[in-house]
$ cat upload14.csv   # CSV, C-alpha atoms
chain,number,residue,atom,x,y,z
J,1,MET,CA,107.1,17.6,170.3
J,2,SER,CA,105.7,21.1,170.6
J,3,PRO,CA,106.8,23.5,167.8
J,4,THR,CA,106.6,27.3,168.6
J,5,ILE,CA,103.2,28.8,167.8
J,6,ARG,CA,104.4,31.8,165.7
J,7,TYR,CA,100.9,32.9,164.6
J,8,CYS,CA,97.6,33.2,166.3
J,9,GLU,CA,95.2,30.3,165.6
J,10,ALA,CA,92.2,32.6,165.9
J,11,CYS,CA,93.2,35.6,163.9
J,12,GLY,CA,96.5,34.8,162.1
J,13,HIS,CA,98.5,37.7,163.6
J,14,PRO,CA,102.0,37.1,165.1
J,15,THR,CA,102.4,35.9,168.6
J,16,ALA,CA,105.0,36.9,171.2
J,17,GLU,CA,106.2,35.0,174.3
J,18,LYS,CA,105.0,36.5,177.6
J,19,ILE,CA,103.8,35.4,181.0
J,20,PRO,CA,100.1,36.3,181.2
J,21,SER,CA,98.7,38.1,184.2
J,22,GLY,CA,98.1,35.6,187.0
J,23,ASP,CA,100.1,32.9,185.2
J,24,HIS,CA,103.6,31.6,186.1
J,25,LEU,CA,104.8,30.3,182.7
J,26,PRO,CA,105.6,32.0,179.4
J,27,ARG,CA,103.0,31.4,176.8
J,28,ARG,CA,102.6,32.4,173.1
J,29,VAL,CA,100.2,35.3,173.3
J,30,CYS,CA,98.7,37.0,170.2
J,31,ARG,CA,99.9,40.6,169.7
J,32,HIS,CA,96.6,41.5,168.1
J,33,CYS,CA,93.7,39.7,169.8
J,34,GLY,CA,95.5,38.7,173.0
J,35,ARG,CA,94.6,35.0,172.7
J,36,ILE,CA,96.8,32.8,175.0
J,37,HIS,CA,98.0,29.6,173.3
J,38,TYR,CA,98.5,26.9,175.9
J,39,GLN,CA,100.6,23.8,175.0
J,40,ASN,CA,100.3,20.7,177.2
J,41,PRO,CA,101.6,17.1,177.2
J,42,ARG,CA,99.9,14.6,174.9
J,43,MET,CA,99.0,11.0,176.0
J,44,VAL,CA,100.2,7.9,174.2
J,45,VAL,CA,98.0,4.9,174.9
J,46,GLY,CA,98.7,1.3,174.1
J,47,CYS,CA,98.3,-2.4,175.0
J,48,VAL,CA,100.1,-5.4,176.2
J,49,ALA,CA,97.9,-7.9,174.3
J,50,GLU,CA,98.3,-11.4,175.6
J,51,TRP,CA,97.4,-14.8,174.1
J,52,GLN,CA,98.2,-18.1,175.8
J,53,GLY,CA,101.1,-16.6,177.7
J,54,LYS,CA,102.5,-14.7,174.8
J,55,VAL,CA,102.5,-10.9,174.1
J,56,LEU,CA,101.9,-9.1,170.9
J,57,LEU,CA,104.8,-6.9,169.5
J,58,CYS,CA,105.0,-4.9,166.3
J,59,LYS,CA,108.1,-4.1,164.3
J,60,ARG,CA,107.9,-0.4,163.5
J,61,ALA,CA,107.7,0.6,159.8
J,62,ILE,CA,108.1,4.4,160.6
J,63,GLU,CA,110.5,6.7,162.3
J,64,PRO,CA,111.4,7.1,165.1
J,65,ARG,CA,113.0,3.7,165.7
J,66,ALA,CA,111.9,2.1,162.4
J,67,GLY,CA,112.8,-1.6,162.4
J,68,ARG,CA,112.6,-1.9,166.2
J,69,TRP,CA,109.9,-3.7,168.2
J,70,THR,CA,107.2,-1.9,170.1
J,71,LEU,CA,103.8,-2.4,171.8
J,72,PRO,CA,100.9,-1.2,169.7
J,73,ALA,CA,100.4,2.4,170.9
J,74,GLY,CA,99.8,5.9,169.7
J,75,PHE,CA,98.4,9.4,170.5
J,76,LEU,CA,95.1,9.6,172.3
J,77,GLU,CA,92.6,11.5,170.1
J,78,ASN,CA,89.9,14.0,171.2
J,79,ASN,CA,86.5,12.5,172.0
J,80,GLU,CA,87.9,9.1,173.0
J,81,THR,CA,88.7,7.5,176.3
J,82,VAL,CA,92.1,6.1,177.1
J,83,GLU,CA,90.8,2.6,176.8
J,84,GLU,CA,89.2,3.3,173.4
J,85,GLY,CA,92.5,4.9,172.2
J,86,ALA,CA,94.5,1.9,173.3
J,87,LEU,CA,92.1,-0.6,171.6
J,88,ARG,CA,92.1,1.6,168.4
J,89,GLU,CA,95.9,1.7,168.2
J,90,THR,CA,96.1,-2.1,168.7
J,91,ARG,CA,93.6,-2.5,165.8
J,92,GLU,CA,95.4,0.0,163.5
J,93,GLU,CA,99.0,-1.2,164.1
J,94,ALA,CA,98.5,-4.9,164.6
J,95,LEU,CA,95.0,-5.6,163.1
J,96,ALA,CA,94.2,-7.1,166.4
J,97,THR,CA,91.1,-7.0,168.6
J,98,VAL,CA,91.6,-7.0,172.3
J,99,THR,CA,89.2,-7.1,175.2
J,100,ASP,CA,89.1,-6.3,179.0
J,101,PRO,CA,91.7,-3.5,179.0
J,102,ALA,CA,93.1,-2.9,182.5
J,103,PRO,CA,95.5,0.0,183.1
J,104,PHE,CA,98.8,-1.0,184.6
J,105,ALA,CA,101.8,1.2,183.7
J,106,LEU,CA,102.2,5.0,183.2
J,107,VAL,CA,105.5,6.5,182.0
J,108,ASN,CA,106.2,10.2,182.1
J,109,VAL,CA,108.3,11.4,179.1
J,110,PRO,CA,108.6,15.1,180.0
J,111,HIS,CA,111.4,16.0,177.5
J,112,VAL,CA,109.0,15.2,174.6
J,113,HIS,CA,105.9,16.4,176.4
J,114,GLN,CA,104.2,13.0,176.5
J,115,VAL,CA,102.6,10.7,179.1
J,116,HIS,CA,102.5,7.0,178.0
J,117,LEU,CA,99.8,4.8,179.5
J,118,PHE,CA,99.7,1.0,178.9
J,119,PHE,CA,96.9,-1.5,179.4
J,120,ARG,CA,96.9,-5.2,179.8
J,121,ALA,CA,94.3,-6.8,177.4
J,122,GLN,CA,93.3,-10.1,176.0
J,123,LEU,CA,94.0,-10.8,172.3
J,124,GLU,CA,90.9,-12.3,170.6
J,125,HIS,CA,91.5,-15.6,168.9
J,126,GLY,CA,95.3,-15.0,168.8
J,127,ARG,CA,94.8,-13.1,165.6
J,128,HIS,CA,97.1,-10.3,164.5
J,129,GLY,CA,98.4,-8.8,161.3
J,130,VAL,CA,100.5,-6.0,159.8
J,131,GLY,CA,99.0,-2.5,160.0
J,132,ALA,CA,100.1,0.5,157.9
J,133,GLU,CA,102.8,1.7,160.3
J,134,THR,CA,104.1,-1.9,161.0
J,135,LEU,CA,106.6,-4.2,159.2
J,136,GLU,CA,105.8,-7.4,161.1
J,137,THR,CA,103.9,-8.6,164.1
J,138,GLY,CA,104.5,-11.5,166.4
J,139,LEU,CA,103.5,-13.2,169.6
J,140,PHE,CA,106.5,-13.7,172.0
J,141,ASP,CA,106.8,-15.6,175.2
J,142,ALA,CA,108.9,-14.2,178.0
J,143,ALA,CA,112.1,-15.9,176.9
J,144,GLY,CA,111.7,-14.7,173.3
J,145,ILE,CA,111.2,-11.0,173.7
J,146,PRO,CA,113.8,-9.2,171.6
J,147,TRP,CA,115.0,-6.9,174.5
J,148,ALA,CA,118.0,-5.6,172.5
J,149,GLU,CA,115.6,-4.4,169.7
J,150,ILE,CA,112.9,-2.7,171.8
J,151,ALA,CA,112.0,0.7,170.3
J,152,PHE,CA,111.4,2.8,173.5
J,153,PRO,CA,112.3,2.8,177.2
J,154,SER,CA,108.6,3.1,178.1
J,155,VAL,CA,107.8,-0.1,176.1
J,156,ARG,CA,110.7,-1.9,177.9
J,157,TYR,CA,109.3,-0.7,181.3
J,158,ALA,CA,105.8,-1.8,180.5
J,159,LEU,CA,107.0,-5.2,179.4
J,160,GLU,CA,109.2,-5.6,182.5
J,161,CYS,CA,106.3,-4.6,184.8
J,162,TYR,CA,103.9,-6.9,183.0
J,163,LEU,CA,106.2,-10.0,183.2
J,164,ALA,CA,107.2,-9.4,186.8
J,165,ASP,CA,103.6,-9.0,187.9
J,166,ARG,CA,102.5,-12.0,186.0
J,167,SER,CA,105.3,-14.1,187.6
J,168,ARG,CA,104.2,-13.3,191.1
J,169,GLY,CA,100.5,-13.6,190.1
J,170,GLN,CA,99.4,-10.1,191.1
J,171,PHE,CA,99.0,-7.0,188.9
J,172,GLU,CA,99.6,-3.5,190.3
J,173,PHE,CA,99.6,0.0,188.8
J,174,HIS,CA,103.2,1.1,188.0
J,175,ILE,CA,104.5,4.6,187.4
J,176,SER,CA,107.9,5.8,186.2
J,177,THR,CA,109.7,8.6,184.3
J,178,TRP,CA,111.8,8.3,181.2
J,179,ARG,CA,114.4,11.1,181.5
J,180,GLN,CA,116.3,12.4,178.6
J,181,PRO,CA,120.0,11.4,178.7
J,182,LEU,CA,122.2,14.4,179.6
J,183,SER,CA,124.0,14.1,176.2
J,184,GLY,CA,123.1,12.8,172.8
L,1,MET,CA,87.9,22.8,175.2
L,2,SER,CA,89.5,22.8,171.8
L,3,PRO,CA,88.7,25.9,169.7
L,4,THR,CA,89.0,25.6,165.9
L,5,ILE,CA,92.5,26.4,164.6
L,6,ARG,CA,91.6,28.9,161.9
L,7,TYR,CA,95.1,30.0,161.0
L,8,CYS,CA,98.4,28.2,160.7
L,9,GLU,CA,100.6,28.4,163.8
L,10,ALA,CA,103.7,28.2,161.6
L,11,CYS,CA,103.0,30.7,158.7
L,12,GLY,CA,99.7,32.5,159.6
L,13,HIS,CA,97.8,31.5,156.5
L,14,PRO,CA,94.2,30.1,156.7
L,15,THR,CA,93.6,26.4,157.5
L,16,ALA,CA,91.0,24.1,156.1
L,17,GLU,CA,89.5,20.9,157.5
L,18,LYS,CA,90.6,17.8,155.7
L,19,ILE,CA,91.7,14.2,156.4
L,20,PRO,CA,95.4,14.0,155.7
L,21,SER,CA,96.7,11.1,153.5
L,22,GLY,CA,97.1,8.0,155.7
L,23,ASP,CA,95.1,9.5,158.5
L,24,HIS,CA,91.5,8.7,159.5
L,25,LEU,CA,90.3,11.9,161.2
L,26,PRO,CA,89.8,15.4,159.9
L,27,ARG,CA,92.5,17.9,161.0
L,28,ARG,CA,93.0,21.6,160.4
L,29,VAL,CA,95.6,21.7,157.6
L,30,CYS,CA,97.3,24.9,156.4
L,31,ARG,CA,96.2,25.8,152.8
L,32,HIS,CA,99.6,27.4,152.3
L,33,CYS,CA,102.4,25.3,153.9
L,34,GLY,CA,100.5,22.1,154.5
L,35,ARG,CA,101.1,21.9,158.2
L,36,ILE,CA,98.8,19.5,160.0
L,37,HIS,CA,97.5,20.8,163.4
L,38,TYR,CA,96.8,17.9,165.7
L,39,GLN,CA,94.6,18.5,168.7
L,40,ASN,CA,94.7,16.0,171.6
L,41,PRO,CA,93.2,15.6,175.1
L,42,ARG,CA,94.8,17.4,178.0
L,43,MET,CA,95.5,15.9,181.4
L,44,VAL,CA,94.3,17.4,184.6
L,45,VAL,CA,96.3,16.2,187.6
L,46,GLY,CA,95.4,16.6,191.3
L,47,CYS,CA,95.6,15.2,194.8
L,48,VAL,CA,93.6,13.7,197.6
L,49,ALA,CA,95.8,15.1,200.4
L,50,GLU,CA,95.3,13.4,203.7
L,51,TRP,CA,96.0,14.4,207.2
L,52,GLN,CA,95.0,12.4,210.3
L,53,GLY,CA,92.1,10.8,208.5
L,54,LYS,CA,90.9,14.0,206.9
L,55,VAL,CA,91.1,15.1,203.2
L,56,LEU,CA,91.9,18.6,201.9
L,57,LEU,CA,89.2,20.3,199.8
L,58,CYS,CA,89.2,23.7,198.1
L,59,LYS,CA,86.2,26.0,197.5
L,60,ARG,CA,86.6,27.3,194.0
L,61,ALA,CA,87.0,31.0,193.4
L,62,ILE,CA,86.8,30.7,189.6
L,63,GLU,CA,84.4,29.4,187.0
L,64,PRO,CA,83.4,26.8,186.2
L,65,ARG,CA,81.6,25.8,189.4
L,66,ALA,CA,82.8,28.8,191.5
L,67,GLY,CA,81.7,28.3,195.1
L,68,ARG,CA,81.8,24.5,194.9
L,69,TRP,CA,84.3,22.3,196.6
L,70,THR,CA,87.0,20.5,194.7
L,71,LEU,CA,90.3,18.6,195.1
L,72,PRO,CA,93.3,20.7,194.2
L,73,ALA,CA,93.9,19.9,190.5
L,74,GLY,CA,94.8,21.6,187.2
L,75,PHE,CA,96.3,21.2,183.8
L,76,LEU,CA,99.5,19.3,183.4
L,77,GLU,CA,102.2,21.5,181.9
L,78,ASN,CA,104.9,20.6,179.4
L,79,ASN,CA,108.2,19.5,181.0
L,80,GLU,CA,106.7,18.2,184.2
L,81,THR,CA,105.7,14.7,185.3
L,82,VAL,CA,102.1,13.9,186.4
L,83,GLU,CA,103.3,13.7,190.0
L,84,GLU,CA,105.1,17.1,189.7
L,85,GLY,CA,101.9,18.6,188.3
L,86,ALA,CA,99.7,17.2,191.0
L,87,LEU,CA,102.0,18.5,193.7
L,88,ARG,CA,102.3,21.9,192.0
L,89,GLU,CA,98.6,22.3,191.7
L,90,THR,CA,98.2,21.4,195.4
L,91,ARG,CA,100.7,24.0,196.3
L,92,GLU,CA,99.1,26.7,194.1
L,93,GLU,CA,95.5,26.1,195.0
L,94,ALA,CA,95.8,25.1,198.7
L,95,LEU,CA,99.3,26.4,199.7
L,96,ALA,CA,99.9,22.9,200.8
L,97,THR,CA,102.9,20.6,200.6
L,98,VAL,CA,102.2,16.9,200.0
L,99,THR,CA,104.6,13.9,199.9
L,100,ASP,CA,104.5,10.3,198.6
L,101,PRO,CA,102.0,10.7,195.7
L,102,ALA,CA,100.5,7.4,194.6
L,103,PRO,CA,98.2,7.4,191.5
L,104,PHE,CA,94.8,5.8,192.2
L,105,ALA,CA,92.0,7.2,190.0
L,106,LEU,CA,91.8,8.1,186.3
L,107,VAL,CA,88.6,9.7,184.9
L,108,ASN,CA,88.1,10.1,181.1
L,109,VAL,CA,86.2,13.3,180.3
L,110,PRO,CA,86.0,12.9,176.5
L,111,HIS,CA,83.4,15.6,175.8
L,112,VAL,CA,85.8,18.3,177.0
L,113,HIS,CA,88.9,16.5,175.7
L,114,GLN,CA,90.4,15.9,179.1
L,115,VAL,CA,91.8,13.0,181.2
L,116,HIS,CA,91.8,13.5,185.0
L,117,LEU,CA,94.3,11.7,187.1
L,118,PHE,CA,94.3,11.8,190.9
L,119,PHE,CA,97.0,10.9,193.4
L,120,ARG,CA,96.8,10.0,197.1
L,121,ALA,CA,99.4,12.0,199.0
L,122,GLN,CA,100.3,13.0,202.6
L,123,LEU,CA,99.7,16.6,203.7
L,124,GLU,CA,102.7,17.9,205.5
L,125,HIS,CA,102.1,19.2,209.0
L,126,GLY,CA,98.3,19.5,208.2
L,127,ARG,CA,99.1,23.0,206.8
L,128,HIS,CA,97.0,24.5,204.1
L,129,GLY,CA,95.8,27.9,202.9
L,130,VAL,CA,93.9,29.9,200.3
L,131,GLY,CA,95.5,30.0,196.8
L,132,ALA,CA,94.7,32.6,194.1
L,133,GLU,CA,92.0,30.4,192.5
L,134,THR,CA,90.5,29.4,195.9
L,135,LEU,CA,88.0,31.0,198.3
L,136,GLU,CA,88.5,28.7,201.3
L,137,THR,CA,90.3,25.4,202.1
L,138,GLY,CA,89.4,22.8,204.7
L,139,LEU,CA,90.2,19.3,206.1
L,140,PHE,CA,87.1,17.1,206.1
L,141,ASP,CA,86.5,13.7,207.6
L,142,ALA,CA,84.5,11.1,205.7
L,143,ALA,CA,81.2,12.2,207.4
L,144,GLY,CA,81.8,15.9,206.8
L,145,ILE,CA,82.5,15.9,203.0
L,146,PRO,CA,80.0,18.3,201.4
L,147,TRP,CA,78.8,15.9,198.8
L,148,ALA,CA,76.0,18.2,197.5
L,149,GLU,CA,78.5,20.9,196.8
L,150,ILE,CA,81.2,19.0,195.0
L,151,ALA,CA,82.3,20.8,191.8
L,152,PHE,CA,82.9,17.9,189.4
L,153,PRO,CA,81.8,14.3,188.9
L,154,SER,CA,85.5,13.3,188.6
L,155,VAL,CA,86.2,14.8,192.0
L,156,ARG,CA,83.3,12.9,193.5
L,157,TYR,CA,84.5,9.7,191.9
L,158,ALA,CA,88.0,10.1,193.3
L,159,LEU,CA,86.7,10.8,196.8
L,160,GLU,CA,84.4,7.8,196.7
L,161,CYS,CA,87.2,5.5,195.5
L,162,TYR,CA,89.5,6.9,198.1
L,163,LEU,CA,87.1,6.4,201.0
L,164,ALA,CA,86.0,3.0,199.9
L,165,ASP,CA,89.6,1.8,199.5
L,166,ARG,CA,90.6,3.3,202.8
L,167,SER,CA,87.7,1.5,204.5
L,168,ARG,CA,88.7,-1.9,203.3
L,169,GLY,CA,92.4,-1.2,203.9
L,170,GLN,CA,93.6,-1.7,200.3
L,171,PHE,CA,94.2,0.8,197.6
L,172,GLU,CA,93.8,0.0,193.9
L,173,PHE,CA,93.9,1.9,190.7
L,174,HIS,CA,90.4,2.9,189.5
L,175,ILE,CA,89.3,4.1,186.0
L,176,SER,CA,86.0,5.6,184.9
L,177,THR,CA,84.4,7.8,182.3
L,178,TRP,CA,82.4,11.0,182.9
L,179,ARG,CA,80.0,11.1,180.0
L,180,GLN,CA,78.2,14.3,179.0
L,181,PRO,CA,74.5,14.2,179.9
L,182,LEU,CA,72.4,13.9,176.7
L,183,SER,CA,70.7,17.3,177.5
L,184,GLY,CA,71.7,20.4,179.4
$ encode --input "upload14.csv" --output "structure tokens"
Amino acid sequence: MSPTIRYCEACGHPTAEKIPSGDHLPRRVCRHCGRIHYQNPRMVVGCVAEWQGKVLLCKRAIEPRAGRWTLPAGFLENNETVEEGALRETREEALATVTDPAPFALVNVPHVHQVHLFFRAQLEHGRHGVGAETLETGLFDAAGIPWAEIAFPSVRYALECYLADRSRGQFEFHISTWRQPLSG
Amino acid sequence: MSPTIRYCEACGHPTAEKIPSGDHLPRRVCRHCGRIHYQNPRMVVGCVAEWQGKVLLCKRAIEPRAGRWTLPAGFLENNETVEEGALRETREEALATVTDPAPFALVNVPHVHQVHLFFRAQLEHGRHGVGAETLETGLFDAAGIPWAEIAFPSVRYALECYLADRSRGQFEFHISTWRQPLSG
């Protein structure tokens, strides 16, 4: 999420909310030096890593959704490409090396200021293991995916797109939006 | 770009660079309250707006690359989807309404901490005009695109992918990386 920027990152003085000249949205602007603090969505990048018809899932060790299954994924870092980020997260969370990443599903998550981007990739040697933010990893065939225990709607969407495309033998790029429920 | 966060956004005290426990990258961490300030790439979203075989380009009124031609595009804002952002930027920069956005090209720009995402879209009624950050707008057929005056490599890549896919009658999703030149 995006906490309120109460103090200026450049000079440490308090900020106030205002719409800068020529802009159309309120920003946190420093009362002292005038710096405008822009806040923008962050990208989460991850992989559907496949091995002999199975896909790699991780049981989350951390909140949110600890104990639920997810695809290896995490925040894109500065100075890396989306492919590099997806491969790094797969290495960190599932101790797995993947090759040939191909982008195939993007999910907007505007209520938490995120954009999720998933790649298909090939799991090397079928090897995987338990990273620091993971309780357990496993390779699942289509019939074995624990749909009731999937951590996030974006992960469910990526898995559904992947399996549907694989069934018909043609992969496309998919885009969707995960909207916040009106209550709860 | 990403300026150094010298003061804590939450409490205004000075930060220091350190690698937080369990992390693998240096972050700006508040010396007083311990807040970790993550900095991540920002998305730029835009459109190839087409009308009767022509594409809409904008001559930039602002730096960088003032006076060069670009596709309407700009930073994705919090609370909007990538499609909404691309349509908003097209409206702001070229006073143009587009429909049916379809994602087709992503360009990593890691040296400035950006990811550029372009959509194909249909320009309504062929109408366009000059937005606040634009000097001139125009509809160009393939032979008329001012290649020598294109503002950014990512825009050139998007236009090349678009024209090549259109020529062969099939659109795919393309991904590339714009690397910083070693000098200059």
$ residues_around --input "upload14.csv" --residues "segment 174-181 of chain J" --least-positions-apart "3" --cutoff "7 Å" --atoms "only C-alpha atoms" --output "list in words"
Phe104, Ala105, Leu106, Val107, Asn108, Val109, His111, Pro153, Ser154 and Gly184 of chain J
$ atom_distance --input "upload14.csv" --atom1 "atom CA of Arg168 of chain L" --atom2 "atom CA of Arg127 of chain L"
27.2 Å
$ interface_residues --input "upload14.csv" --of "chain L" --to "chain J" --cutoff "9 Å" --atoms "all atoms listed in the file" --output "PyMOL selection string"
chain L and resi 2-14+22+38-43+75-82+102-104+107-115+132+172-175+177
$ closest_residue --input "upload14.csv" --among "L:Gly126, L:Gly138, L:Pro146, L:Pro101" --to "Ala86 of chain L" --atoms "all atoms listed in the file"
L:Pro101
$ atom_distance --input "upload14.csv" --atom1 "atom CA of Ser167 of chain J" --atom2 "atom CA of Glu84 of chain J"
27.6 Å
$ atom_distance --input "upload14.csv" --atom1 "atom CA of Glu50 of chain L" --atom2 "atom CA of Leu139 of chain L"
8.2 Å
$ residues_around --input "upload14.csv" --residues "segment 94-98 of chain L" --least-positions-apart "5" --cutoff "10 Å" --atoms "all atoms listed in the file" --output "PyMOL selection string"
chain L and resi 47-51+56-59+71-73+86-89+120-138
$ residues_around --input "upload14.csv" --residues "Pro26 of chain L" --least-positions-apart "3" --cutoff "7 Å" --atoms "all atoms listed in the file" --output "list in words"
Glu17, Lys18 and Ile19 of chain L
$ closest_residue --input "upload14.csv" --among "J:Arg35, J:Thr90, J:Arg27, J:Thr70" --to "Ile145 of chain J" --atoms "all atoms listed in the file"
J:Thr70
$ closest_residue --input "upload14.csv" --among "L:Ala164, L:Cys30, L:Leu159, L:Ile36" --to "Phe140 of chain L" --atoms "all atoms listed in the file"
L:Leu159
$ residues_around --input "upload14.csv" --residues "Ala151 of chain J" --least-positions-apart "5" --cutoff "7 Å" --atoms "all atoms listed in the file" --output "PDB file with C-alpha atoms, in the coordinates of the input"
ATOM      1  CA  ARG J  65     113.000   3.700 165.700  1.00  0.00           C
ATOM      2  CA  ARG J  68     112.600  -1.900 166.200  1.00  0.00           C
ATOM      3  CA  TRP J  69     109.900  -3.700 168.200  1.00  0.00           C
ATOM      4  CA  THR J  70     107.200  -1.900 170.100  1.00  0.00           C
TER       5      THR J  70
END
